[in-house]
Protein chains: 6
Amino acid sequence: MYEIGVVYRNIRRANSDIAARLCALGTATVHEAMGRTGLLKPYMRPIYPGAQASGTAVTVLLHPGDNWMLHVAAEQIQPGDIVVAAVTADSTDGYFGDLLATSFKARGACGLVIDAGVRDVRVLTEMAFPVWSKAISAKGTVKATLGSVNVPVVCAGALVTPGDVIVADDDGVVVVPAALAQKTLETAVAREAAESDKRAKLAAGVLGLDMYNMREPLQKAGLKYID
Amino acid sequence: MYEIGVVYRNIRRANSDIAARLCALGTATVHEAMGRTGLLKPYMRPIYPGAQASGTAVTVLLHPGDNWMLHVAAEQIQPGDIVVAAVTADSTDGYFGDLLATSFKARGACGLVIDAGVRDVRVLTEMAFPVWSKAISAKGTVKATLGSVNVPVVCAGALVTPGDVIVADDDGVVVVPAALAQKTLETAVAREAAESDKRAKLAAGVLGLDMYNMREPLQKAGLKYID
Amino acid sequence: MYEIGVVYRNIRRANSDIAARLCALGTATVHEAMGRTGLLKPYMRPIYPGAQASGTAVTVLLHPGDNWMLHVAAEQIQPGDIVVAAVTADSTDGYFGDLLATSFKARGACGLVIDAGVRDVRVLTEMAFPVWSKAISAKGTVKATLGSVNVPVVCAGALVTPGDVIVADDDGVVVVPAALAQKTLETAVAREAAESDKRAKLAAGVLGLDMYNMREPLQKAGLKYID
Amino acid sequence: MYEIGVVYRNIRRANSDIAARLCALGTATVHEAMGRTGLLKPYMRPIYPGAQASGTAVTVLLHPGDNWMLHVAAEQIQPGDIVVAAVTADSTDGYFGDLLATSFKARGACGLVIDAGVRDVRVLTEMAFPVWSKAISAKGTVKATLGSVNVPVVCAGALVTPGDVIVADDDGVVVVPAALAQKTLETAVAREAAESDKRAKLAAGVLGLDMYNMREPLQKAGLKYID
Amino acid sequence: MYEIGVVYRNIRRANSDIAARLCALGTATVHEAMGRTGLLKPYMRPIYPGAQASGTAVTVLLHPGDNWMLHVAAEQIQPGDIVVAAVTADSTDGYFGDLLATSFKARGACGLVIDAGVRDVRVLTEMAFPVWSKAISAKGTVKATLGSVNVPVVCAGALVTPGDVIVADDDGVVVVPAALAQKTLETAVAREAAESDKRAKLAAGVLGLDMYNMREPLQKAGLKYID
Amino acid sequence: MYEIGVVYRNIRRANSDIAARLCALGTATVHEAMGRTGLLKPYMRPIYPGAQASGTAVTVLLHPGDNWMLHVAAEQIQPGDIVVAAVTADSTDGYFGDLLATSFKARGACGLVIDAGVRDVRVLTEMAFPVWSKAISAKGTVKATLGSVNVPVVCAGALVTPGDVIVADDDGVVVVPAALAQKTLETAVAREAAESDKRAKLAAGVLGLDMYNMREPLQKAGLKYID
């Protein structure tokens with residue numbers, strides 16, 4: 001399924017300004033604006049609370065227990081990129097630590113999303129380099145087998161194409177295909193605007209039942225109140 | 001097993017003062033006072049460290065991927081209630097976010113316990129609205145299918161009857177049936193009092209072996225010391 | 001497999017100074033220095049971020065739902081020890097709380113590693129008593145069945161012999177057999193020294209591809225760059 | 001939550017004839033007839049393919065690692081009963097083997113549903129004594145702590161009241177409250193009758209799209225066909 | 001990420017003869033011939049031992065708890081197809097049973113691969129209609145929300161494009177992109193031929209160490225024999 | 001923790017006759033005779049129902065995704081051995097298939113216990129070569145990294161020393177240290193003899209309550225019967 005042993009140097013990145021603006025809206029809003037698709041599995045968690053990042057995806061395909069291609073990927077990073085790493089089999093090893101983070105940061109990466117483990121999380125937290133992973137593990141890896149860089153990968157159940165927008169925060173990670181980024185931003189902005197007004201009403205004690213006009217459809221659906 | 005499509009408006013709530021006092025004692029002590037029963041499965045975790053809440057249960061039965069009934073439940077909330085939500089099948093979707101939290105808070109709810117996912121956790125943390133859940137997920141839900149409000153539900157392996165006392169903190173979530181609340185409080189208070197004294201002794205270097213008179217029963221059970 | 005009902009009073013502890021110095025190097029470095037072995041399963045997590053500890057192992061073998069032997073173990077603790085507890089079957093109960101922590105601390109223990117659950121985590125955090133566990137649970141235990149103290153145990157997939165060095169931090173828990181402690185320290189120190197230099201280079205934008213001379217082996221392995 | 005240390009000798013059993021007839025209809029049909037409720041978690045699996053049983057529930061509440069109450073329960077079994085066992089904490093130990101099965105069978109039990117482990121599965125299979133469990137494990141248990149018999153229990157996420165009808169087969173386990181048994185049977189029989197006709201049509205190549213008149217609602221919902 | 005609410009009627013199917021021949025070679029050999037890629041997660045298991053199938057993929061995207069699109073998919077099935085169903089969130093419900101199987105079989109489908117649950121497994125086994133799923137569950141679903149048919153889907157961690165070859169047996173499920181099917185077949189056939197010869201040698205007592213000339217590379221890697 | 005890159009050629013095997021006799025008694029009885037210790041985690045399952053094996057352990061330590069050392073182990077197999085394989089990190093890959101099974105069988109091995117995945121299970125079943133594993137997966141492995149043969153390993157949570165007796169059947173896998181084999185056999189035989197008599201009594205309707213004289217201890221523990 002995957003092309004192995006290749007590095008695509010030229011990828012078409014989504015507009016970086018859109019990526020930045022999607023970040024501020026948050027994954028929940030972006031995911032809704034995508035028609036409730038694009039979310040990676042919820043086992044992907046940030047290594048520290050409050051982590052937030054968005055960027056354009058540089059993808060990496062790794063073999064279990066081998067992080068060689070993360071070094072290859074570093075050279076392909078441009079400022080504003082976020083690295084998305086998949087492994088060809090389930091693994092919780094720690095493929096990434098403070099040295100690679102130092103290198104990624106120097107290249108301009110704003111974060112890492114990896115469907116595996118990460119280590120040196122105390123230092124990464126001090127560096128404010130955000131990582132979303134499925135595990136934390138001191139277990140190291142070797143550098144022996146070729147994978148690929150910038151091929152489409154399935155990461156935590158979602159297809160990520162190089163150049164896609166990645167938005168990540170406490171609620172998880174969403175992938176927005178480059179071609180849908182502009183439209184998703186518009187939908188998300190509109191949704192967010194509508195929410196501010198709703199928030200104020202709800203805070204004032206208005207019920208969602210009334211604000212969303214739910215009483216009639218609930219009655220039609222057969223809801224019964226019993227005193 | 002469940003009644004579907006009904007909302008019970010009048011439930012018999014446990015004494016709210018008892019609920020508040022149980023909160024201060026903590027789930028570990030309350031659970032012991034209950035004869036070591038009543039604890040929800042330990043996969044139920046607070047969304048931020050230090051979260052603490054107790055209250056009387058307003059229960060909600062949801063269908064997978066559908067949070068309609070949480071809006072119906074909002075109207076049934078009285079100050080001092082804590083909402084307990086179960087789903088008819090395993091799900092990690094994010095059924096609850098900052099808008100619903102704003103509404104619940106305006107109604108006087110002091111927290112949410114949900115055997116599913118929650119989102120907007122950064123905002124919920126800023127709001128200091130505590131939630132215990134089995135997952136965090138940006139994945140949204142629809143509003144299409146009837147469940148119920150204030151029927152007995154099984155939440156994370158424990159039976160919760162509307163009006164029961166719920167006590168939740170970093171150690172998990174305990175349900176105390178309304179009828180047992182007073183007695184549980186008394187037992188828990190007595191237990192807590194005994195613990196203060198023990199704590200001082202242990203801090204001074206007294207061994208539990210001596211304080212609890214364990215040496216004889218250990219010897220009888222056959223324990224052997226080898227030098 | 002296990003000796004049941006015995007307490008070994010005299011164990012050969014690794015050098016405590018080595019244990020302290022390994023702690024500063026961190027589990028990732030120590031685990032690498034061990035030839036990438038000795039790590040407990042990554043489901044073992046600290047109860048608060050930033051937890052760090054190292055010490056010599058006092059081991060405990062528990063039966064499911066029974067923490068009697070932790071009291072027996074307390075008497076065997078010497079300053080600088082860390083307690084390592086295994087259970088004969090999978091369990092997430094809370095075997096350890098603030099009272100036992102008070103006792104362990106008074107005896108000089110610097111932490112606990114337990115392949116089960118722990119409770120009173122808010123108080124333990126305030127006490128700065130670090131625990132690595134696989135679960136947090138208010139569920140208490142009884143004191144009825146004999147296990148053992150200071151026998152070799154398998155804890156979270158790793159064999160721990162009494163007196164071994166345990167190093168634990170945010171990245172997990174590593175066991176270093178007493179006989180290998182000195183050599184592991186030397187290897188780890190050398191590794192750490194090398195890393196400082198690498199870190200500076202990577203921060204300056206040097207690529208790992210060049211710093212580690214990876215370009216030739218990658219080419220030999222057949223890596224292809226596509227523009 | 002649970003009453004501990006009690007055995008209710010007189011329980012109101014559902015009609016045994018209804019239980020038998022529900023068995024023939026299968027769990028999927030019965031669960032639909034219950035409005036899609038009453039199913040135990042799908043991790044409950046039969047120990048051999050083709051296992052089928054139904055009966056009236058004798059419930060047992062066990063403590064982790066302790067099967068004493070299964071012996072107490074044996075005396076309460078009447079012909080046509082099925083034993084439903086819950087444990088107060090997660091456990092995969094083998095609480096039940098061929099000796100208890102021999103005893104249960106002699107008392108007239110037609111099966112066991114246990115939210116834990118079972119052993120001697122080869123012999124149980126030869127005896128054709130069906131068990132639904134979440135694990136198979138040779139690990140034995142002690143007989144030391146009181147639980148209860150014939151109190152309501154939560155088993156694999158479902159509330160089971162003594163005397164309820166239990167229907168179990170390859171697809172899982174459903175609990176039908178005694179009060180709903182007659183009505184559930186009628187609904188299930190009607191549903192089954194309708195399915196026979198549908199099966200014949202579908203086998204002849206008629207599409208569900210036409211048989212269920214789905215084309216119009218699909219179009220209304222906005223489904224688009226693209227050539 | 002996904003297109004929702006569309007049905008692609010014309011897909012480019014891989015050569016059906018190749019699909020059939022790949023089936024005989026088995027998933028392990030096919031997966032090796034693909035360079036060790038293309039395998040779905042190993043939690044995908046056949047509902048009965050000995051199940052074997054291969055075909056061209058008709059893909060379905062479902063919403064949790066809703067099997068409406070499986071009926072839409074039935075119309076798109078051609079003889080030799082195998083249906084591959086993904087769900088937009090984790091779910092173990094039983095989306096597929098004997099009625100749909102009857103319909104699928106009448107349309108010429110040779111199996112189903114579904115990243116969720118299935119029911120009526122006893123009848124499906126009698127029908128010899130093979131299904132690979134992650135769960136078995138009597139829990140039924142509704143027919144209310146649009147998904148899609150014949151869009152690319154991520155199923156159990158693998159990207160499946162409509163028309164791809166699917167090969168499934170006791171060892172799991174492999175997806176072979178249509179464009180790679182011919183080449184994969186050739187590689188797999190060659191591999192299989194080589195294995196027959198090896199099997200005979202190994203059965204005669206020849207060691208893999210000698211047959212594969214491993215002794216020298218093992219020695220070079222530093223392997224030490226200790227008497 | 002582990003010695004890497006070594007093969008111990010001379011191991012002290014337990015008496016093979018004892019191994020054979022323990023097999024007939026079954027894992028449940030042997031595990032009881034061991035004082036309820038020695039059982040591997042219950043996720044270790046046979047690849048076909050009715051699998052039974054016992055033998056002396058040849059141990060293998062593997063690296064994730066690499067089965068090289070299984071070939072090295074083949075040469076160390078003597079008739080009556082059973083191979084026990086551990087991996088240094090969690091993995092579900094298929095490290096073992098029909099070719100290695102052919103070789104192992106030719107060398108006299110009577111089975112494999114592997115804390116990872118296995119493939120070609122249909123052929124292995126036809127060959128009647130029993131395997132206990134935690135997964136079935138078509139995913140292949142490489143032959144690139146040294147592990148060890150005949151060093152002590154932790155396999156599925158249990159310490160296995162080369163030459164130990166391994167007993168495995170439908171209920172799981174038990175390890176009996178060579179030094180305890182004779183005594184364990186005697187205890188197990190005595191236990192089995194006692195069970196025959198009990199089985200007959202229970203089949204005749206005698207209750208365990210009476211046969212084991214449980215009524216008095218139950219009453220003392222406070223059990224109450226309610227009519």
# chains A, B, ... in the order shown; residues from 1 in each chain; ligands from 1
call {"tool": "closest_atom_pairs", "arguments": {"of": "chain E", "to": "chain B", "cutoff": "10 Å", "atoms": "only C-alpha atoms", "output": "Markdown table"}}
result
| residue | atom | partner | partner_atom | distance |
| --- | --- | --- | --- | --- |
| E:His63 | CA | B:Gly65 | CA | 8.6 |
| E:Pro64 | CA | B:Gly65 | CA | 6.6 |
| E:Gly65 | CA | B:Pro64 | CA | 6.6 |
| E:Asp66 | CA | B:Pro64 | CA | 9.8 |
| E:Thr88 | CA | B:Lys139 | CA | 9.6 |
| E:Ala89 | CA | B:Asp93 | CA | 7.6 |
| E:Asp90 | CA | B:Ser91 | CA | 7.0 |
| E:Ser91 | CA | B:Ser91 | CA | 6.8 |
| E:Thr92 | CA | B:Asp90 | CA | 7.5 |
| E:Asp93 | CA | B:Ala89 | CA | 7.6 |
| E:Lys139 | CA | B:Ala89 | CA | 8.4 |
| E:Val142 | CA | B:Thr145 | CA | 9.9 |
| E:Ala144 | CA | B:Ala144 | CA | 8.8 |
| E:Thr145 | CA | B:Ala144 | CA | 9.7 |
call {"tool": "residues_around", "arguments": {"residues": "Gly140 of chain F", "least_positions_apart": "3", "cutoff": "7 Å", "atoms": "only C-alpha atoms", "output": "list in words"}}
result
Glu32 and Arg36 of chain E; Asp93, Gly94 and Tyr95 of chain F
call {"tool": "write_last_selection", "arguments": {"atoms": "N, CA and C atoms", "output": "PDB file, in the first residue's frame"}}
result
ATOM      1  N   GLU E  32       3.702 -10.241   2.292  1.00  0.00           N
ATOM      2  CA  GLU E  32       5.150 -10.201   2.056  1.00  0.00           C
ATOM      3  C   GLU E  32       5.443  -9.679   0.647  1.00  0.00           C
ATOM      4  N   ARG E  36       5.593  -6.065   2.767  1.00  0.00           N
ATOM      5  CA  ARG E  36       5.139  -6.041   4.163  1.00  0.00           C
ATOM      6  C   ARG E  36       4.270  -4.820   4.491  1.00  0.00           C
TER       7      ARG E  36
ATOM      8  N   ASP F  93       3.150  -8.624  15.686  1.00  0.00           N
ATOM      9  CA  ASP F  93       3.558  -9.153  14.381  1.00  0.00           C
ATOM     10  C   ASP F  93       3.565 -10.678  14.383  1.00  0.00           C
ATOM     11  N   GLY F  94       3.537 -11.243  13.176  1.00  0.00           N
ATOM     12  CA  GLY F  94       3.549 -12.693  13.024  1.00  0.00           C
ATOM     13  C   GLY F  94       4.976 -13.211  12.875  1.00  0.00           C
ATOM     14  N   TYR F  95       5.599 -13.571  13.995  1.00  0.00           N
ATOM     15  CA  TYR F  95       7.014 -13.966  13.994  1.00  0.00           C
ATOM     16  C   TYR F  95       7.236 -15.417  13.561  1.00  0.00           C
TER      17      TYR F  95
END
call {"tool": "residues_around", "arguments": {"residues": "segment 76-80 of chain B", "least_positions_apart": "4", "cutoff": "9 Å", "atoms": "only C-alpha atoms", "output": "CSV table (one decimal) with all heavy atoms, in the first residue's frame"}}
result
chain,number,residue,atom,x,y,z
B,7,VAL,N,-38.9,11.6,30.6
B,7,VAL,CA,-38.2,12.5,31.5
B,7,VAL,C,-38.9,12.6,32.8
B,7,VAL,O,-40.1,13.0,32.8
B,7,VAL,CB,-38.1,14.0,30.9
B,7,VAL,CG1,-37.4,14.9,31.8
B,7,VAL,CG2,-37.5,14.0,29.5
B,8,TYR,N,-38.3,12.1,33.9
B,8,TYR,CA,-38.9,12.2,35.2
B,8,TYR,C,-38.6,13.6,35.8
B,8,TYR,O,-37.4,13.9,35.9
B,8,TYR,CB,-38.5,11.1,36.1
B,8,TYR,CG,-39.2,9.8,35.7
B,8,TYR,CD1,-38.6,9.0,34.8
B,8,TYR,CD2,-40.4,9.4,36.3
B,8,TYR,CE1,-39.2,7.8,34.4
B,8,TYR,CE2,-41.0,8.3,36.0
B,8,TYR,CZ,-40.4,7.4,35.0
B,8,TYR,OH,-41.1,6.3,34.7
B,9,ARG,N,-39.6,14.4,36.0
B,9,ARG,CA,-39.4,15.7,36.5
B,9,ARG,C,-39.2,15.8,38.0
B,9,ARG,O,-38.4,16.7,38.5
B,9,ARG,CB,-40.5,16.7,36.1
B,9,ARG,CG,-40.3,17.3,34.7
B,9,ARG,CD,-41.2,18.5,34.5
B,9,ARG,NE,-42.5,18.0,34.1
B,9,ARG,CZ,-43.1,18.4,32.9
B,9,ARG,NH1,-42.5,19.2,32.1
B,9,ARG,NH2,-44.3,17.9,32.6
B,10,ASN,N,-39.8,14.9,38.7
B,10,ASN,CA,-39.7,15.0,40.2
B,10,ASN,C,-38.9,13.8,40.7
B,10,ASN,O,-39.4,12.6,40.6
B,10,ASN,CB,-41.1,14.9,40.8
B,10,ASN,CG,-42.0,16.1,40.4
B,10,ASN,OD1,-41.5,17.3,40.4
B,10,ASN,ND2,-43.2,15.9,39.9
B,16,SER,N,-28.7,17.7,50.4
B,16,SER,CA,-27.6,18.4,49.7
B,16,SER,C,-26.4,18.7,50.7
B,16,SER,O,-25.3,18.7,50.3
B,16,SER,CB,-28.0,19.7,49.1
B,16,SER,OG,-28.4,20.6,50.1
B,19,ALA,N,-24.3,15.7,50.9
B,19,ALA,CA,-23.5,15.6,49.7
B,19,ALA,C,-22.2,16.4,49.8
B,19,ALA,O,-21.1,16.0,49.5
B,19,ALA,CB,-24.2,16.0,48.4
B,20,ALA,N,-22.4,17.6,50.3
B,20,ALA,CA,-21.2,18.6,50.4
B,20,ALA,C,-20.2,18.0,51.4
B,20,ALA,O,-19.0,18.1,51.2
B,20,ALA,CB,-21.7,19.9,50.8
B,54,SER,N,-19.3,17.2,44.4
B,54,SER,CA,-20.3,16.2,44.8
B,54,SER,C,-21.6,16.9,44.6
B,54,SER,O,-21.7,18.1,44.5
B,54,SER,CB,-20.1,15.9,46.3
B,54,SER,OG,-20.5,16.9,47.1
B,55,GLY,N,-22.6,16.0,44.5
B,55,GLY,CA,-24.0,16.6,44.3
B,55,GLY,C,-25.0,15.5,44.2
B,55,GLY,O,-24.6,14.3,44.4
B,56,THR,N,-26.2,15.8,43.9
B,56,THR,CA,-27.2,14.9,43.7
B,56,THR,C,-27.4,14.6,42.2
B,56,THR,O,-27.4,15.5,41.4
B,56,THR,CB,-28.5,15.4,44.3
B,56,THR,OG1,-28.7,16.8,44.0
B,56,THR,CG2,-28.5,15.2,45.8
B,58,VAL,N,-28.6,13.9,38.6
B,58,VAL,CA,-29.6,14.0,37.5
B,58,VAL,C,-29.0,13.0,36.4
B,58,VAL,O,-27.9,13.2,36.0
B,58,VAL,CB,-29.7,15.4,37.0
B,58,VAL,CG1,-30.4,15.4,35.6
B,58,VAL,CG2,-30.5,16.3,37.9
B,72,VAL,N,-32.1,18.3,27.1
B,72,VAL,CA,-33.3,18.0,27.9
B,72,VAL,C,-33.0,18.0,29.4
B,72,VAL,O,-33.8,18.5,30.2
B,72,VAL,CB,-34.0,16.7,27.4
B,72,VAL,CG1,-35.2,16.4,28.2
B,72,VAL,CG2,-34.3,16.8,25.9
B,104,PHE,N,-25.2,24.3,31.9
B,104,PHE,CA,-25.3,23.5,33.1
B,104,PHE,C,-24.9,24.4,34.3
B,104,PHE,O,-25.6,24.3,35.4
B,104,PHE,CB,-24.4,22.3,33.0
B,104,PHE,CG,-24.9,21.1,32.3
B,104,PHE,CD1,-25.9,21.2,31.3
B,104,PHE,CD2,-24.5,19.8,32.6
B,104,PHE,CE1,-26.4,20.1,30.6
B,104,PHE,CE2,-25.1,18.7,31.9
B,104,PHE,CZ,-26.0,18.9,30.9
B,105,LYS,N,-23.9,25.2,34.1
B,105,LYS,CA,-23.4,26.0,35.2
B,105,LYS,C,-24.4,27.0,35.6
B,105,LYS,O,-24.7,27.3,36.8
B,105,LYS,CB,-22.1,26.7,34.8
B,105,LYS,CG,-21.2,27.1,36.0
B,105,LYS,CD,-19.8,27.5,35.5
B,105,LYS,CE,-19.0,27.9,36.7
B,105,LYS,NZ,-17.6,28.3,36.3
B,107,ARG,N,-27.5,26.7,35.4
B,107,ARG,CA,-28.6,26.1,36.1
B,107,ARG,C,-28.2,25.6,37.5
B,107,ARG,O,-29.0,25.1,38.2
B,107,ARG,CB,-29.0,24.8,35.3
B,107,ARG,CG,-29.4,25.1,33.8
B,107,ARG,CD,-30.7,25.8,33.7
B,107,ARG,NE,-31.9,25.1,34.3
B,107,ARG,CZ,-33.1,25.5,34.4
B,107,ARG,NH1,-33.4,26.7,33.9
B,107,ARG,NH2,-34.0,24.8,35.0
B,108,GLY,N,-26.9,25.7,37.8
B,108,GLY,CA,-26.5,25.3,39.1
B,108,GLY,C,-25.8,24.0,39.3
B,108,GLY,O,-25.5,23.5,40.4
B,109,ALA,N,-25.5,23.3,38.1
B,109,ALA,CA,-24.9,22.0,38.2
B,109,ALA,C,-23.4,22.2,38.7
B,109,ALA,O,-22.8,23.2,38.3
B,109,ALA,CB,-24.9,21.3,36.8
B,110,CYS,N,-22.9,21.3,39.4
B,110,CYS,CA,-21.5,21.4,39.9
B,110,CYS,C,-20.6,20.4,39.2
B,110,CYS,O,-19.4,20.3,39.6
B,110,CYS,CB,-21.5,21.2,41.4
B,110,CYS,SG,-22.2,19.7,42.0
B,149,VAL,N,-34.2,11.0,30.7
B,149,VAL,CA,-33.7,11.7,31.8
B,149,VAL,C,-34.3,11.3,33.1
B,149,VAL,O,-35.5,11.1,33.2
B,149,VAL,CB,-33.9,13.3,31.6
B,149,VAL,CG1,-33.5,14.1,32.8
B,149,VAL,CG2,-33.2,13.7,30.3
B,150,ASN,N,-33.4,11.1,34.0
B,150,ASN,CA,-33.8,10.7,35.4
B,150,ASN,C,-34.5,9.3,35.5
B,150,ASN,O,-35.4,9.1,36.2
B,150,ASN,CB,-34.7,11.8,36.0
B,150,ASN,CG,-33.9,13.0,36.5
B,150,ASN,OD1,-32.8,12.8,36.9
B,150,ASN,ND2,-34.5,14.1,36.6
call {"tool": "select_by_dssp", "arguments": {"residues": "chain C", "states": "strand (DSSP E)", "output": "PyMOL selection string"}}
result
chain C and resi 6-8+45-46+53-62+81-87+112-118+131-136+148-149+153-155+158-160+165-169+172-176+224-226
call {"tool": "residues_around", "arguments": {"residues": "Ala203 of chain F", "least_positions_apart": "5", "cutoff": "8 Å", "atoms": "only C-alpha atoms", "output": "PyMOL selection string"}}
result
chain D and resi 102-103+105-106
call {"tool": "write_last_selection", "arguments": {"atoms": "C-alpha atoms", "output": "tab-separated table (two decimals), in the first residue's frame"}}
result
chain	number	residue	atom	x	y	z
D	102	THR	CA	-21.03	-30.55	37.68
D	103	SER	CA	-22.79	-29.21	40.74
D	105	LYS	CA	-25.80	-29.03	36.26
D	106	ALA	CA	-26.97	-31.46	38.94
call {"tool": "atom_distance", "arguments": {"atom1": "atom CA of Leu61 of chain A", "atom2": "atom CA of Tyr2 of chain A"}}
result
8.5 Å
call {"tool": "select_by_dssp", "arguments": {"residues": "segment 20-215 of chain D", "states": "helix (DSSP H, G or I)", "output": "ChimeraX atom specification"}}
result
/D:20-25,27-33,68-76,98-107,121-127,178-203,208-211,215
call {"tool": "residues_around", "arguments": {"residues": "Ala85 of chain A", "least_positions_apart": "2", "cutoff": "6 Å", "atoms": "only C-alpha atoms", "output": "PDB file with N, CA and C atoms, in the first residue's frame"}}
result
ATOM      1  N   THR A  59       4.909  14.330   6.196  1.00  0.00           N
ATOM      2  CA  THR A  59       4.567  12.989   6.689  1.00  0.00           C
ATOM      3  C   THR A  59       5.790  12.081   6.696  1.00  0.00           C
ATOM      4  N   VAL A  60       5.758  11.129   7.622  1.00  0.00           N
ATOM      5  CA  VAL A  60       6.853  10.167   7.752  1.00  0.00           C
ATOM      6  C   VAL A  60       6.253   8.787   7.967  1.00  0.00           C
ATOM      7  N   LEU A  61       6.785   7.808   7.263  1.00  0.00           N
ATOM      8  CA  LEU A  61       6.373   6.424   7.492  1.00  0.00           C
ATOM      9  C   LEU A  61       7.541   5.682   8.126  1.00  0.00           C
ATOM     10  N   ILE A 114       2.474  11.759  16.324  1.00  0.00           N
ATOM     11  CA  ILE A 114       3.056  10.437  16.074  1.00  0.00           C
ATOM     12  C   ILE A 114       2.185   9.328  16.656  1.00  0.00           C
TER      13      ILE A 114
END
call {"tool": "atom_distance", "arguments": {"atom1": "atom CA of Leu25 of chain F", "atom2": "atom CA of Met44 of chain F"}}
result
19.2 Å
call {"tool": "atom_distance", "arguments": {"atom1": "atom CA of Gly5 of chain E", "atom2": "atom CA of Ala14 of chain A"}}
result
25.5 Å
